[in-house]
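Have a look at final-v2.tsv below; it lists TSV, C-alpha atoms.
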```
chain	number	residue	atom	x	y	z
T	1	MET	CA	0.00	0.00	0.00
T	2	LYS	CA	1.02	3.58	-0.57
T	3	ARG	CA	1.82	5.82	2.37
T	4	THR	CA	1.84	9.59	2.70
T	5	PRO	CA	4.90	11.54	3.93
T	6	LEU	CA	3.22	11.72	7.36
T	7	TYR	CA	2.84	7.97	7.85
T	8	ASP	CA	5.91	7.66	10.09
T	9	ALA	CA	4.53	10.42	12.33
T	10	TYR	CA	0.98	9.28	13.01
T	11	SER	CA	1.48	5.51	12.67
T	12	GLN	CA	3.32	5.69	15.99
T	13	TYR	CA	0.39	7.33	17.80
T	14	GLU	CA	-1.17	5.10	20.44
T	15	GLY	CA	-4.68	4.00	19.44
T	16	VAL	CA	-4.54	5.10	15.79
T	17	LYS	CA	-6.55	2.84	13.46
T	18	LEU	CA	-5.06	2.52	9.98
T	19	VAL	CA	-7.06	1.20	7.02
T	20	ASP	CA	-6.65	0.56	3.30
T	21	PHE	CA	-8.28	3.50	1.53
T	22	GLY	CA	-8.02	3.10	-2.22
T	23	GLY	CA	-4.57	1.56	-1.91
T	24	TRP	CA	-3.39	4.06	0.73
T	25	GLU	CA	-2.67	3.16	4.35
T	26	LEU	CA	-4.39	6.01	6.19
T	27	PRO	CA	-5.85	6.71	9.64
T	28	VAL	CA	-9.61	6.21	9.81
T	29	ASN	CA	-9.49	7.56	13.37
T	30	TYR	CA	-7.16	8.21	16.28
T	31	ALA	CA	-7.45	7.02	19.88
T	32	LYS	CA	-10.49	9.10	20.89
T	33	GLY	CA	-12.64	7.91	17.99
T	34	ILE	CA	-14.60	9.24	15.05
T	35	ASN	CA	-17.35	10.96	17.03
T	36	PHE	CA	-14.86	12.83	19.20
T	37	GLU	CA	-12.90	14.01	16.16
T	38	HIS	CA	-16.13	15.02	14.38
T	39	GLU	CA	-17.18	17.14	17.36
T	40	ALA	CA	-13.71	18.71	17.56
T	41	VAL	CA	-14.02	19.98	13.98
T	42	ARG	CA	-17.58	21.24	14.51
T	43	THR	CA	-16.71	23.13	17.71
T	44	LYS	CA	-12.95	23.71	17.76
T	45	VAL	CA	-10.32	22.63	15.24
T	46	GLY	CA	-9.00	19.44	13.67
T	47	LEU	CA	-5.96	18.58	11.56
T	48	PHE	CA	-6.17	16.08	8.69
T	49	ASP	CA	-3.52	14.47	6.51
T	50	VAL	CA	-4.99	14.43	3.00
T	51	SER	CA	-1.70	14.03	1.17
T	52	HIS	CA	-3.15	11.08	-0.75
T	53	MET	CA	-4.95	13.60	-2.96
T	54	GLY	CA	-3.43	14.19	-6.39
T	55	GLU	CA	-2.11	17.39	-7.90
T	56	CYS	CA	-0.99	18.34	-11.38
T	57	LEU	CA	0.16	21.54	-13.02
T	58	VAL	CA	-1.45	22.57	-16.32
T	59	THR	CA	0.56	25.21	-18.18
T	60	GLY	CA	0.70	26.80	-21.61
T	61	GLU	CA	-0.62	29.70	-23.64
T	62	ASN	CA	-3.92	27.86	-24.12
T	63	ALA	CA	-4.19	26.50	-20.54
T	64	THR	CA	-7.30	28.58	-19.79
T	65	GLU	CA	-9.03	27.60	-23.02
T	66	PHE	CA	-8.19	23.94	-22.49
T	67	LEU	CA	-9.44	23.81	-18.89
T	68	ASP	CA	-12.58	25.69	-19.84
T	69	TYR	CA	-13.33	22.88	-22.31
T	70	LEU	CA	-12.24	20.15	-19.88
T	71	CYS	CA	-14.41	21.39	-16.99
T	72	THR	CA	-18.09	22.15	-16.45
T	73	ASN	CA	-17.51	25.39	-14.54
T	74	ALA	CA	-16.37	28.73	-15.98
T	75	ILE	CA	-12.59	28.45	-15.71
T	76	SER	CA	-12.23	31.40	-18.11
T	77	SER	CA	-13.71	33.65	-15.42
T	78	MET	CA	-10.98	32.86	-12.90
T	79	THR	CA	-8.36	35.37	-11.81
T	80	LYS	CA	-4.99	34.91	-10.13
T	81	GLY	CA	-5.38	33.70	-6.56
T	82	GLY	CA	-8.82	32.17	-7.11
T	83	VAL	CA	-9.93	28.60	-6.39
T	84	MET	CA	-12.87	26.98	-8.18
T	85	TYR	CA	-14.79	23.75	-7.63
T	86	THR	CA	-15.72	21.99	-10.85
T	87	MET	CA	-16.20	18.64	-12.52
T	88	MET	CA	-14.89	17.12	-15.71
T	89	CYS	CA	-17.35	14.95	-17.61
T	90	TYR	CA	-17.33	12.30	-20.28
T	91	PRO	CA	-19.10	13.15	-23.56
T	92	ASN	CA	-22.21	11.36	-22.20
T	93	GLY	CA	-22.40	13.79	-19.28
T	94	THR	CA	-21.35	11.46	-16.46
T	95	VAL	CA	-18.46	12.47	-14.22
T	96	VAL	CA	-14.78	11.64	-14.66
T	97	ASP	CA	-13.96	13.38	-11.37
T	98	ASP	CA	-14.60	16.51	-9.36
T	99	LEU	CA	-11.69	18.91	-9.02
T	100	LEU	CA	-10.37	22.05	-7.38
T	101	ILE	CA	-8.68	24.44	-9.80
T	102	TYR	CA	-6.16	27.02	-8.52
T	103	CYS	CA	-5.43	29.90	-10.90
T	104	ARG	CA	-1.77	30.96	-10.78
T	105	ASP	CA	-2.22	33.10	-13.89
T	106	ARG	CA	-3.91	32.69	-17.27
T	107	THR	CA	-1.24	30.25	-18.41
T	108	SER	CA	-0.75	28.19	-15.24
T	109	TYR	CA	-3.20	26.27	-13.06
T	110	LEU	CA	-2.89	23.79	-10.19
T	111	VAL	CA	-5.46	20.99	-10.49
T	112	VAL	CA	-6.33	18.91	-7.42
T	113	MET	CA	-7.76	15.42	-8.03
T	114	ASN	CA	-9.27	12.66	-5.89
T	115	ALA	CA	-6.74	10.08	-4.77
T	116	SER	CA	-8.52	7.07	-6.25
T	117	ASN	CA	-8.73	8.77	-9.65
T	118	ILE	CA	-5.23	10.17	-10.13
T	119	GLU	CA	-4.07	7.83	-12.91
T	120	LYS	CA	-7.44	7.92	-14.67
T	121	ASP	CA	-7.64	11.71	-14.40
T	122	LEU	CA	-4.13	12.28	-15.72
T	123	ALA	CA	-4.80	10.02	-18.69
T	124	TRP	CA	-8.06	11.86	-19.40
T	125	ILE	CA	-6.49	15.31	-19.11
T	126	ARG	CA	-3.43	14.44	-21.17
T	127	GLU	CA	-5.02	12.53	-24.02
T	128	GLY	CA	-8.54	11.29	-23.27
T	129	VAL	CA	-10.70	14.40	-23.40
T	130	PRO	CA	-11.64	15.17	-27.03
T	131	TYR	CA	-10.21	18.69	-26.95
T	132	PRO	CA	-10.80	20.40	-30.31
T	133	GLY	CA	-7.77	22.69	-30.05
T	134	GLU	CA	-4.62	22.07	-32.04
T	135	VAL	CA	-2.19	22.05	-29.09
T	136	ARG	CA	-2.72	20.67	-25.61
T	137	PRO	CA	-1.07	22.35	-22.63
T	138	THR	CA	1.72	20.74	-20.64
T	139	VAL	CA	0.53	18.55	-17.76
T	140	VAL	CA	2.99	17.73	-14.95
T	141	ASP	CA	2.05	15.33	-12.16
T	142	LEU	CA	3.03	16.81	-8.78
T	143	SER	CA	1.29	14.23	-6.59
T	144	ASP	CA	4.32	12.38	-5.23
T	145	ARG	CA	6.21	15.55	-4.39
T	146	THR	CA	3.30	17.38	-2.73
T	147	ALA	CA	1.77	17.02	0.74
T	148	LEU	CA	-1.63	18.41	1.73
T	149	LEU	CA	-2.83	19.14	5.26
T	150	ALA	CA	-6.32	20.36	6.15
T	151	LEU	CA	-6.87	22.59	9.19
T	152	GLN	CA	-10.62	22.68	9.73
T	153	GLY	CA	-13.06	24.09	12.25
T	154	PRO	CA	-14.29	27.41	13.70
T	155	LEU	CA	-11.03	27.97	15.57
T	156	SER	CA	-8.78	27.14	12.60
T	157	VAL	CA	-8.14	30.81	11.89
T	158	ASP	CA	-7.11	31.37	15.52
T	159	VAL	CA	-4.53	28.63	15.17
T	160	LEU	CA	-3.12	29.61	11.80
T	161	LYS	CA	-2.91	33.35	12.46
T	162	LYS	CA	-0.32	32.64	15.17
T	163	LEU	CA	1.95	31.45	12.37
T	164	VAL	CA	0.58	33.42	9.39
T	165	PRO	CA	-1.13	36.63	10.63
T	166	GLU	CA	-2.33	37.52	7.13
T	167	CYS	CA	-4.36	34.29	6.88
T	168	GLU	CA	-7.35	36.23	8.24
T	169	ASP	CA	-7.42	38.15	4.96
T	170	ILE	CA	-7.67	35.02	2.78
T	171	LEU	CA	-11.24	34.85	1.54
T	172	SER	CA	-13.22	31.67	0.93
T	173	PHE	CA	-12.08	29.91	-2.26
T	174	THR	CA	-8.96	32.04	-2.64
T	175	TYR	CA	-5.34	31.25	-1.83
T	176	ARG	CA	-1.98	32.81	-1.11
T	177	SER	CA	1.44	31.49	-2.03
T	178	PRO	CA	4.15	31.33	-0.96
T	179	CYS	CA	3.44	31.65	2.77
T	180	ALA	CA	5.89	30.85	5.53
T	181	VAL	CA	4.20	28.62	8.11
T	182	GLY	CA	6.91	28.47	10.72
T	183	GLU	CA	9.86	27.18	8.72
T	184	VAL	CA	7.77	25.61	5.95
T	185	MET	CA	6.87	27.38	2.72
T	186	SER	CA	3.27	26.60	1.81
T	187	LEU	CA	0.35	27.43	-0.43
T	188	ILE	CA	-2.63	28.24	1.81
T	189	SER	CA	-6.23	28.19	0.54
T	190	ARG	CA	-9.45	28.88	2.42
T	191	THR	CA	-11.09	25.64	1.37
T	192	GLY	CA	-12.06	22.33	2.91
T	193	TYR	CA	-14.32	19.30	2.91
T	194	THR	CA	-16.06	19.55	6.28
T	195	GLY	CA	-18.68	22.29	6.02
T	196	GLU	CA	-16.71	24.40	8.50
T	197	ASP	CA	-14.32	27.29	8.06
T	198	GLY	CA	-10.80	26.16	7.46
T	199	PHE	CA	-7.65	26.05	5.39
T	200	GLU	CA	-5.80	23.61	3.20
T	201	LEU	CA	-2.01	23.83	3.18
T	202	TYR	CA	0.16	22.44	0.37
T	203	CYS	CA	3.87	21.96	0.89
T	204	ALA	CA	6.79	19.89	-0.36
T	205	ALA	CA	6.43	16.25	0.67
T	206	GLU	CA	9.65	16.29	2.67
T	207	ASP	CA	8.39	19.26	4.75
T	208	ALA	CA	5.09	17.64	5.74
T	209	PRO	CA	6.17	16.24	9.16
T	210	LEU	CA	7.53	19.61	10.25
T	211	LEU	CA	4.36	21.40	9.08
T	212	TRP	CA	2.18	18.81	10.87
T	213	ASN	CA	4.02	19.27	14.17
T	214	THR	CA	4.12	23.05	13.78
T	215	LEU	CA	0.34	23.22	13.40
T	216	LEU	CA	-0.30	20.81	16.28
T	217	GLU	CA	1.91	22.88	18.57
T	218	ALA	CA	0.25	26.13	17.49
T	219	GLY	CA	-3.19	24.67	18.12
T	220	GLU	CA	-2.67	23.34	21.64
T	221	GLU	CA	-4.47	26.28	23.24
T	222	GLN	CA	-7.47	25.80	20.93
T	223	GLY	CA	-7.69	22.08	21.68
T	224	ILE	CA	-6.61	20.90	18.24
T	225	GLU	CA	-7.17	17.22	17.47
T	226	CYS	CA	-5.69	14.90	14.85
T	227	CYS	CA	-8.54	13.67	12.66
T	228	GLY	CA	-8.93	10.72	10.31
T	229	LEU	CA	-10.94	9.67	7.30
T	230	GLY	CA	-13.89	8.51	9.39
T	231	CYS	CA	-14.95	11.93	10.59
T	232	ARG	CA	-13.99	13.50	7.28
T	233	ASP	CA	-16.76	11.40	5.75
T	234	THR	CA	-19.38	12.12	8.42
T	235	LEU	CA	-18.58	15.84	8.29
T	236	ARG	CA	-18.88	16.06	4.52
T	237	LEU	CA	-22.06	13.99	4.55
T	238	GLU	CA	-23.77	16.27	7.06
T	239	ALA	CA	-22.74	19.27	4.94
T	240	LYS	CA	-23.92	17.68	1.64
T	241	LEU	CA	-20.50	17.65	-0.01
T	242	PRO	CA	-20.39	15.00	-2.77
T	243	LEU	CA	-18.04	12.05	-2.75
T	244	TYR	CA	-16.87	10.62	-6.06
T	245	GLY	CA	-18.17	7.10	-6.57
T	246	HIS	CA	-21.22	7.89	-4.46
T	247	GLU	CA	-23.10	11.12	-5.25
T	248	ILE	CA	-21.25	11.58	-8.54
T	249	SER	CA	-19.66	8.92	-10.74
T	250	ASP	CA	-19.26	7.62	-14.27
T	251	THR	CA	-22.93	6.58	-14.09
T	252	ILE	CA	-24.34	9.77	-12.49
T	253	THR	CA	-24.43	13.24	-14.06
T	254	PRO	CA	-23.91	16.51	-12.16
T	255	LEU	CA	-27.51	17.49	-12.94
T	256	GLU	CA	-28.84	14.31	-11.33
T	257	ALA	CA	-26.67	15.07	-8.29
T	258	ASN	CA	-28.22	18.56	-8.05
T	259	LEU	CA	-24.87	20.17	-8.83
T	260	GLY	CA	-26.19	22.22	-11.74
T	261	TYR	CA	-24.73	25.41	-10.24
T	262	PHE	CA	-21.30	24.11	-11.24
T	263	VAL	CA	-22.38	23.29	-14.79
T	264	ARG	CA	-22.21	26.37	-17.01
T	265	LEU	CA	-24.37	25.41	-19.96
T	266	GLU	CA	-24.11	28.99	-21.21
T	267	LYS	CA	-20.44	28.37	-22.10
T	268	GLU	CA	-19.70	28.00	-25.80
T	269	ASP	CA	-18.60	24.41	-25.32
T	270	PHE	CA	-17.21	21.87	-22.87
T	271	CYS	CA	-16.90	18.11	-22.83
T	272	GLY	CA	-20.32	16.69	-22.00
T	273	LYS	CA	-22.24	19.89	-22.70
T	274	ASP	CA	-24.46	18.45	-25.44
T	275	ALA	CA	-25.48	15.48	-23.32
T	276	LEU	CA	-26.17	17.61	-20.25
T	277	ALA	CA	-28.11	20.21	-22.22
T	278	LYS	CA	-30.22	17.41	-23.73
T	279	GLN	CA	-30.79	15.89	-20.30
T	280	LYS	CA	-31.95	19.22	-18.91
T	281	GLU	CA	-34.23	19.84	-21.89
T	282	GLU	CA	-35.80	16.38	-21.95
T	283	GLY	CA	-36.05	16.02	-18.18
T	284	ILE	CA	-33.42	15.00	-15.66
T	285	PRO	CA	-34.30	11.36	-14.85
T	286	ARG	CA	-33.05	11.17	-11.26
T	287	THR	CA	-32.58	13.50	-8.32
T	288	LEU	CA	-30.45	13.43	-5.17
T	289	ARG	CA	-32.52	13.83	-2.00
T	290	GLY	CA	-31.96	13.54	1.73
T	291	VAL	CA	-33.71	11.17	4.11
T	292	GLU	CA	-33.85	10.70	7.87
T	293	MET	CA	-34.53	7.20	9.10
T	294	ILE	CA	-37.68	6.67	11.14
T	295	ASP	CA	-36.68	3.11	12.00
T	296	LYS	CA	-33.24	2.94	13.59
T	297	ALA	CA	-30.85	1.53	11.02
T	298	VAL	CA	-27.78	2.70	9.10
T	299	PRO	CA	-28.52	3.07	5.37
T	300	ARG	CA	-25.41	2.15	3.43
T	301	ALA	CA	-24.42	2.97	-0.14
T	302	GLY	CA	-26.25	0.76	-2.60
T	303	CYS	CA	-29.26	-0.04	-0.41
T	304	GLU	CA	-32.42	-0.07	-2.52
T	305	VAL	CA	-35.09	2.60	-1.98
T	306	PHE	CA	-38.83	1.87	-2.34
T	307	LEU	CA	-42.07	3.82	-2.50
T	308	GLY	CA	-44.61	1.18	-1.61
T	309	ASP	CA	-43.60	-1.85	-3.65
T	310	GLU	CA	-41.91	0.20	-6.38
T	311	SER	CA	-38.12	0.43	-6.46
T	312	ILE	CA	-37.32	4.10	-7.06
T	313	GLY	CA	-33.58	4.34	-6.50
T	314	PHE	CA	-30.69	3.64	-4.14
T	315	VAL	CA	-28.67	5.11	-1.29
T	316	THR	CA	-25.50	6.96	-2.33
T	317	SER	CA	-24.15	7.62	1.20
T	318	GLY	CA	-25.49	7.07	4.70
T	319	THR	CA	-24.40	7.30	8.33
T	320	LYS	CA	-25.43	8.04	11.88
T	321	SER	CA	-24.87	11.77	12.19
T	322	PRO	CA	-22.60	12.50	15.17
T	323	THR	CA	-23.89	16.08	15.37
T	324	LEU	CA	-27.61	15.38	15.07
T	325	GLN	CA	-27.72	11.83	16.46
T	326	ILE	CA	-29.97	10.69	13.61
T	327	PHE	CA	-29.57	8.01	10.95
T	328	CYS	CA	-29.54	9.80	7.61
T	329	ALA	CA	-28.64	9.29	3.97
T	330	TYR	CA	-28.64	10.68	0.46
T	331	VAL	CA	-30.70	8.76	-2.05
T	332	LEU	CA	-30.70	8.96	-5.84
T	333	ILE	CA	-34.31	8.41	-6.87
T	334	LYS	CA	-36.56	8.78	-9.92
T	335	ARG	CA	-37.42	12.43	-10.44
T	336	GLU	CA	-40.85	11.50	-11.78
T	337	VAL	CA	-41.81	10.30	-8.29
T	338	LYS	CA	-43.30	13.38	-6.64
T	339	LEU	CA	-42.37	13.51	-2.97
T	340	LYS	CA	-42.51	16.38	-0.51
T	341	PHE	CA	-40.66	16.86	2.76
T	342	GLY	CA	-42.01	14.53	5.41
T	343	ASP	CA	-43.24	11.89	2.96
T	344	GLU	CA	-42.31	8.32	3.86
T	345	LEU	CA	-40.43	5.74	1.83
T	346	THR	CA	-38.57	2.58	2.75
T	347	ILE	CA	-34.96	1.45	2.41
T	348	GLU	CA	-33.98	-2.21	2.29
T	349	ILE	CA	-31.25	-2.75	4.87
T	350	HIS	CA	-29.95	-6.27	5.50
T	351	GLY	CA	-32.98	-7.70	3.74
T	352	LYS	CA	-35.55	-5.75	5.75
T	353	LYS	CA	-37.45	-2.64	4.67
T	354	LYS	CA	-36.89	0.23	7.11
T	355	ARG	CA	-38.99	3.40	7.15
T	356	ALA	CA	-37.49	6.77	6.31
T	357	LYS	CA	-38.79	10.26	5.54
T	358	LEU	CA	-37.73	12.88	3.03
T	359	VAL	CA	-36.04	15.91	4.66
T	360	LYS	CA	-34.27	19.11	3.70
T	361	THR	CA	-30.54	19.11	3.08
T	362	PRO	CA	-27.82	19.76	3.98
T	363	PHE	CA	-28.42	18.01	7.26
T	364	PHE	CA	-26.20	20.52	9.07
T	365	LYS	CA	-24.83	23.87	7.96
T	366	HIS	CA	-23.34	26.85	9.78
T	367	GLY	CA	-24.38	25.59	13.19
T	368	LYS	CA	-27.98	24.76	12.25
T	369	ARG	CA	-29.67	21.43	11.60
T	370	TYR	CA	-31.93	20.89	8.59
T	371	ASP	CA	-35.21	21.34	10.53
T	372	GLU	CA	-34.33	24.59	12.30
```
Encoded form (structure tokens):
Amino acid sequence: MKRTPLYDAYSQYEGVKLVDFGGWELPVNYAKGINFEHEAVRTKVGLFDVSHMGECLVTGENATEFLDYLCTNAISSMTKGGVMYTMMCYPNGTVVDDLLIYCRDRTSYLVVMNASNIEKDLAWIREGVPYPGEVRPTVVDLSDRTALLALQGPLSVDVLKKLVPECEDILSFTYRSPCAVGEVMSLISRTGYTGEDGFELYCAAEDAPLLWNTLLEAGEEQGIECCGLGCRDTLRLEAKLPLYGHEISDTITPLEANLGYFVRLEKEDFCGKDALAKQKEEGIPRTLRGVEMIDKAVPRAGCEVFLGDESIGFVTSGTKSPTLQIFCAYVLIKREVKLKFGDELTIEIHGKKKRAKLVKTPFFKHGKRYDE
């Protein structure tokens, strides 16, 4: 299995639980457990190693034009220092991957990819996407030489400003680089995958252990906690942040996942535009909705969803929410089935149909639960 540059640091921690995550040996949780780490991020601050994520640099005179065709969002509108969430789609409109794009200038962009998709994404970017331009930009894989740490939670700014006072001025979905974080030069963006305020810090792989320890030391007063993949998933699920292979995939379009805001059909062209425009015009067949379980049971990805005796879809992600103490899930169901909030359906879990009700989403956002 692959290991991040921080493996030697946290693998020695007493009580850490390491798992195989897409071929990476990573901590699912530390000694105090997933629920404790989840609460730490919601109320204080947590530190994650997400160095398994992939990064590549796309450069060239036509880099902006190329990425605007590659991606569903309006890359051509970006300016230096901006960060944009987007997806790249196959010609049939389903999703290759979702990405973060960092604009260095109009000829240079940092592209951040999901760990499980790095090889596939690079192949698609380099030669797979049917780009109509004559010359493709240069694509350099930076994944092995880059580490990524995520500092997340309402007190994250209080921790980081001890080391980088100007971090308070970094706006959401913007970045600054280079920044000295103690002795480590980093790129700092105000982004994250938890639904809370926070920062993501990129540095050279060899500097990751020093950056990790520097942030932990700076956050002692704020009660900083090391956090693993387990609470990263429950946090993102509560906040309705999609996970590739679940809410979006090579069988699900962004429109079905209710991510139409990130699909700029008004652009002249992009890969998948024709299929997505046709889907919108003819009627999007499925929709992503949220449910709260009435019967106590954990709905897992793939569980079948029923309205009466009719199968109407499946669960994309489910959990017991540590914040709300409810069993909840996202379900991809037929759009033609007209349901309103509070309506009941059933989910087959371990061979038994369990009752659930349709609710608003996200389940938790900015300190408020869905029914407040």
Go ahead and compute the interatomic distance for atom CA of T:Lys353 and atom CA of T:Arg335, in Å to one decimal.
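Atom-to-atom, atom CA of T:Lys353 and atom CA of T:Arg335 are spaced 21.3 Å apart.
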Identify which of the residues T:Ile347, T:Met87, T:Ala31, T:Ala329 lies closest to T:Glu238, counting all atoms listed in the file when measuring atom-to-atom distances.
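Closest candidate: T:Ala329.
Between atom CA of T:Asp250 and atom CA of T:Asp68 there is a distance of 20.1 Å.
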Would you mind telling me which residue in T:Arg176, T:His366, T:Arg286, T:Arg104 lies nearest to T:Gly153 when using all atoms listed in the file?
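Comparing T:Arg176, T:His366, T:Arg286, T:Arg104 against T:Gly153, the winner is T:His366.
Restricting the calculation to all atoms listed in the file, the smallest distance between T:Phe48 and any of T:Gly230, T:Pro132, T:Gly81, T:Gly33 is found for T:Gly230.
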Please provide the set of residues having any atom within 9 Å of T:Ile118, restricted to only C-alpha atoms, with same-chain residues fewer than 5 positions apart removed, written as JSON, numbers by chain.
{"T": [53, 54, 55, 113, 123, 143]}
Looking at only C-alpha atoms, which of T:Phe199, T:Tyr193, T:Tyr261, T:Phe306 is the one that sits closest to T:Ile170?
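Checking each of T:Phe199, T:Tyr193, T:Tyr261, T:Phe306 against T:Ile170, counting only C-alpha atoms, the winner is T:Phe199.
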What's around stretch 315-320 of chain T at 6 Å? Count only C-alpha atoms, leave out sequence neighbours fewer than 4 positions away in its own chain, and write the answer as JSON, numbers by chain.
{"T": [246, 247, 298, 299, 300, 301, 302, 303, 326, 327, 328, 329, 330, 331]}
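The closest residue to T:Thr79, picked from T:Leu122, T:Ile34, T:Ile101, T:Cys203 and counting all atoms listed in the file, is T:Ile101.
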What gap, in Å, lies between atom CA of T:Cys167 and atom CA of T:His38?
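That distance, rounded to one decimal, is 23.8 Å.
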Residues around (-25.1, 11.5, -6.8), cut-off 9 Å, counting all atoms listed in the file - what are they as a list in words?
Pro242, Leu243, Tyr244, Gly245, His246, Glu247, Ile248, Ser249, Ile252, Thr253, Pro254, Leu255, Glu256, Ala257, Asn258, Leu259, Thr287, Leu288, Thr316, Ser317, Tyr330, Val331 and Leu332 of chain T
Selection from above, C-alpha atoms, as a tab-separated table (two decimals), in the coordinates of the input, can you write it?
```tsv
chain	number	residue	atom	x	y	z
T	242	PRO	CA	-20.39	15.00	-2.77
T	243	LEU	CA	-18.04	12.05	-2.75
T	244	TYR	CA	-16.87	10.62	-6.06
T	245	GLY	CA	-18.17	7.10	-6.57
T	246	HIS	CA	-21.22	7.89	-4.46
T	247	GLU	CA	-23.10	11.12	-5.25
T	248	ILE	CA	-21.25	11.58	-8.54
T	249	SER	CA	-19.66	8.92	-10.74
T	252	ILE	CA	-24.34	9.77	-12.49
T	253	THR	CA	-24.43	13.24	-14.06
T	254	PRO	CA	-23.91	16.51	-12.16
T	255	LEU	CA	-27.51	17.49	-12.94
T	256	GLU	CA	-28.84	14.31	-11.33
T	257	ALA	CA	-26.67	15.07	-8.29
T	258	ASN	CA	-28.22	18.56	-8.05
T	259	LEU	CA	-24.87	20.17	-8.83
T	287	THR	CA	-32.58	13.50	-8.32
T	288	LEU	CA	-30.45	13.43	-5.17
T	316	THR	CA	-25.50	6.96	-2.33
T	317	SER	CA	-24.15	7.62	1.20
T	330	TYR	CA	-28.64	10.68	0.46
T	331	VAL	CA	-30.70	8.76	-2.05
T	332	LEU	CA	-30.70	8.96	-5.84
```
Rank T:Asp97, T:Leu26, T:Asp121, T:Lys44 by their smallest atom-to-atom distance to T:Gln222, using all atoms listed in the file, and report the top residue only.
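Checking each candidate against T:Gln222, we get T:Lys44 as the closest.
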Neighbours of T:Ala147 within 10 Å (only C-alpha atoms; same-chain residues fewer than 5 positions away dropped), as a PDB file with C-alpha atoms, in the frame of the given file?
```
ATOM      1  CA  THR T   4       1.840   9.590   2.700  1.00  0.00           C
ATOM      2  CA  PRO T   5       4.900  11.540   3.930  1.00  0.00           C
ATOM      3  CA  LEU T   6       3.220  11.720   7.360  1.00  0.00           C
ATOM      4  CA  ASP T  49      -3.520  14.470   6.510  1.00  0.00           C
ATOM      5  CA  VAL T  50      -4.990  14.430   3.000  1.00  0.00           C
ATOM      6  CA  SER T  51      -1.700  14.030   1.170  1.00  0.00           C
ATOM      7  CA  HIS T  52      -3.150  11.080  -0.750  1.00  0.00           C
ATOM      8  CA  MET T  53      -4.950  13.600  -2.960  1.00  0.00           C
ATOM      9  CA  GLY T  54      -3.430  14.190  -6.390  1.00  0.00           C
ATOM     10  CA  GLU T  55      -2.110  17.390  -7.900  1.00  0.00           C
ATOM     11  CA  LEU T 142       3.030  16.810  -8.780  1.00  0.00           C
ATOM     12  CA  SER T 186       3.270  26.600   1.810  1.00  0.00           C
ATOM     13  CA  LEU T 201      -2.010  23.830   3.180  1.00  0.00           C
ATOM     14  CA  TYR T 202       0.160  22.440   0.370  1.00  0.00           C
ATOM     15  CA  CYS T 203       3.870  21.960   0.890  1.00  0.00           C
ATOM     16  CA  ALA T 204       6.790  19.890  -0.360  1.00  0.00           C
ATOM     17  CA  ALA T 205       6.430  16.250   0.670  1.00  0.00           C
ATOM     18  CA  GLU T 206       9.650  16.290   2.670  1.00  0.00           C
ATOM     19  CA  ASP T 207       8.390  19.260   4.750  1.00  0.00           C
ATOM     20  CA  ALA T 208       5.090  17.640   5.740  1.00  0.00           C
ATOM     21  CA  PRO T 209       6.170  16.240   9.160  1.00  0.00           C
ATOM     22  CA  LEU T 211       4.360  21.400   9.080  1.00  0.00           C
TER      23      LEU T 211
END
```
Would you mind listing what lies within 9 Å of T:Ser108 as a list in words, with only C-alpha atoms counted and same-chain residues fewer than 5 positions away left out?
Leu57, Val58, Thr59, Gly60, Glu61, Ala63, Thr64, Tyr102 and Cys103 of chain T
Non-local contacts of T:Ala239 (10 Å; all atoms listed in the file; under 4 positions in same chain excluded) as a short mmCIF file (atom, residue, chain, number, x, y, z; two decimals) with C-alpha atoms, in the frame of the given file:
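Output file part-v7.cif is given in full below:
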```
data_model
loop_
_atom_site.label_atom_id
_atom_site.label_comp_id
_atom_site.auth_asym_id
_atom_site.auth_seq_id
_atom_site.Cartn_x
_atom_site.Cartn_y
_atom_site.Cartn_z
CA TYR T 193 -14.32 19.30 2.91
CA THR T 194 -16.06 19.55 6.28
CA GLY T 195 -18.68 22.29 6.02
CA GLU T 196 -16.71 24.40 8.50
CA ASP T 233 -16.76 11.40 5.75
CA THR T 234 -19.38 12.12 8.42
CA LEU T 235 -18.58 15.84 8.29
CA THR T 361 -30.54 19.11 3.08
CA PRO T 362 -27.82 19.76 3.98
CA PHE T 363 -28.42 18.01 7.26
CA PHE T 364 -26.20 20.52 9.07
CA LYS T 365 -24.83 23.87 7.96
CA HIS T 366 -23.34 26.85 9.78
CA ARG T 369 -29.67 21.43 11.60
#
```
Within-12 Å shell of (-11.4, 32.7, -8.3) in input frame, only C-alpha atoms, as a ChimeraX atom specification:
/T:73-86,100-106,109,170-176,189-191
Kindly write stretch 364-369 of chain T with N, CA and C atoms to a file, as a CSV table (one decimal), in the first residue's frame.
```csv
chain,number,residue,atom,x,y,z
T,364,PHE,N,-26.8,19.6,8.1
T,364,PHE,CA,-26.2,20.5,9.1
T,364,PHE,C,-25.3,21.5,8.3
T,365,LYS,N,-25.6,22.8,8.6
T,365,LYS,CA,-24.8,23.9,8.0
T,365,LYS,C,-24.8,25.1,8.8
T,366,HIS,N,-23.6,25.6,9.0
T,366,HIS,CA,-23.3,26.8,9.8
T,366,HIS,C,-24.0,26.8,11.1
T,367,GLY,N,-23.9,25.7,11.8
T,367,GLY,CA,-24.4,25.6,13.2
T,367,GLY,C,-25.9,25.3,13.3
T,368,LYS,N,-26.5,25.0,12.2
T,368,LYS,CA,-28.0,24.8,12.3
T,368,LYS,C,-28.3,23.4,11.6
T,369,ARG,N,-29.2,22.7,12.2
T,369,ARG,CA,-29.7,21.4,11.6
T,369,ARG,C,-30.8,21.7,10.6
```
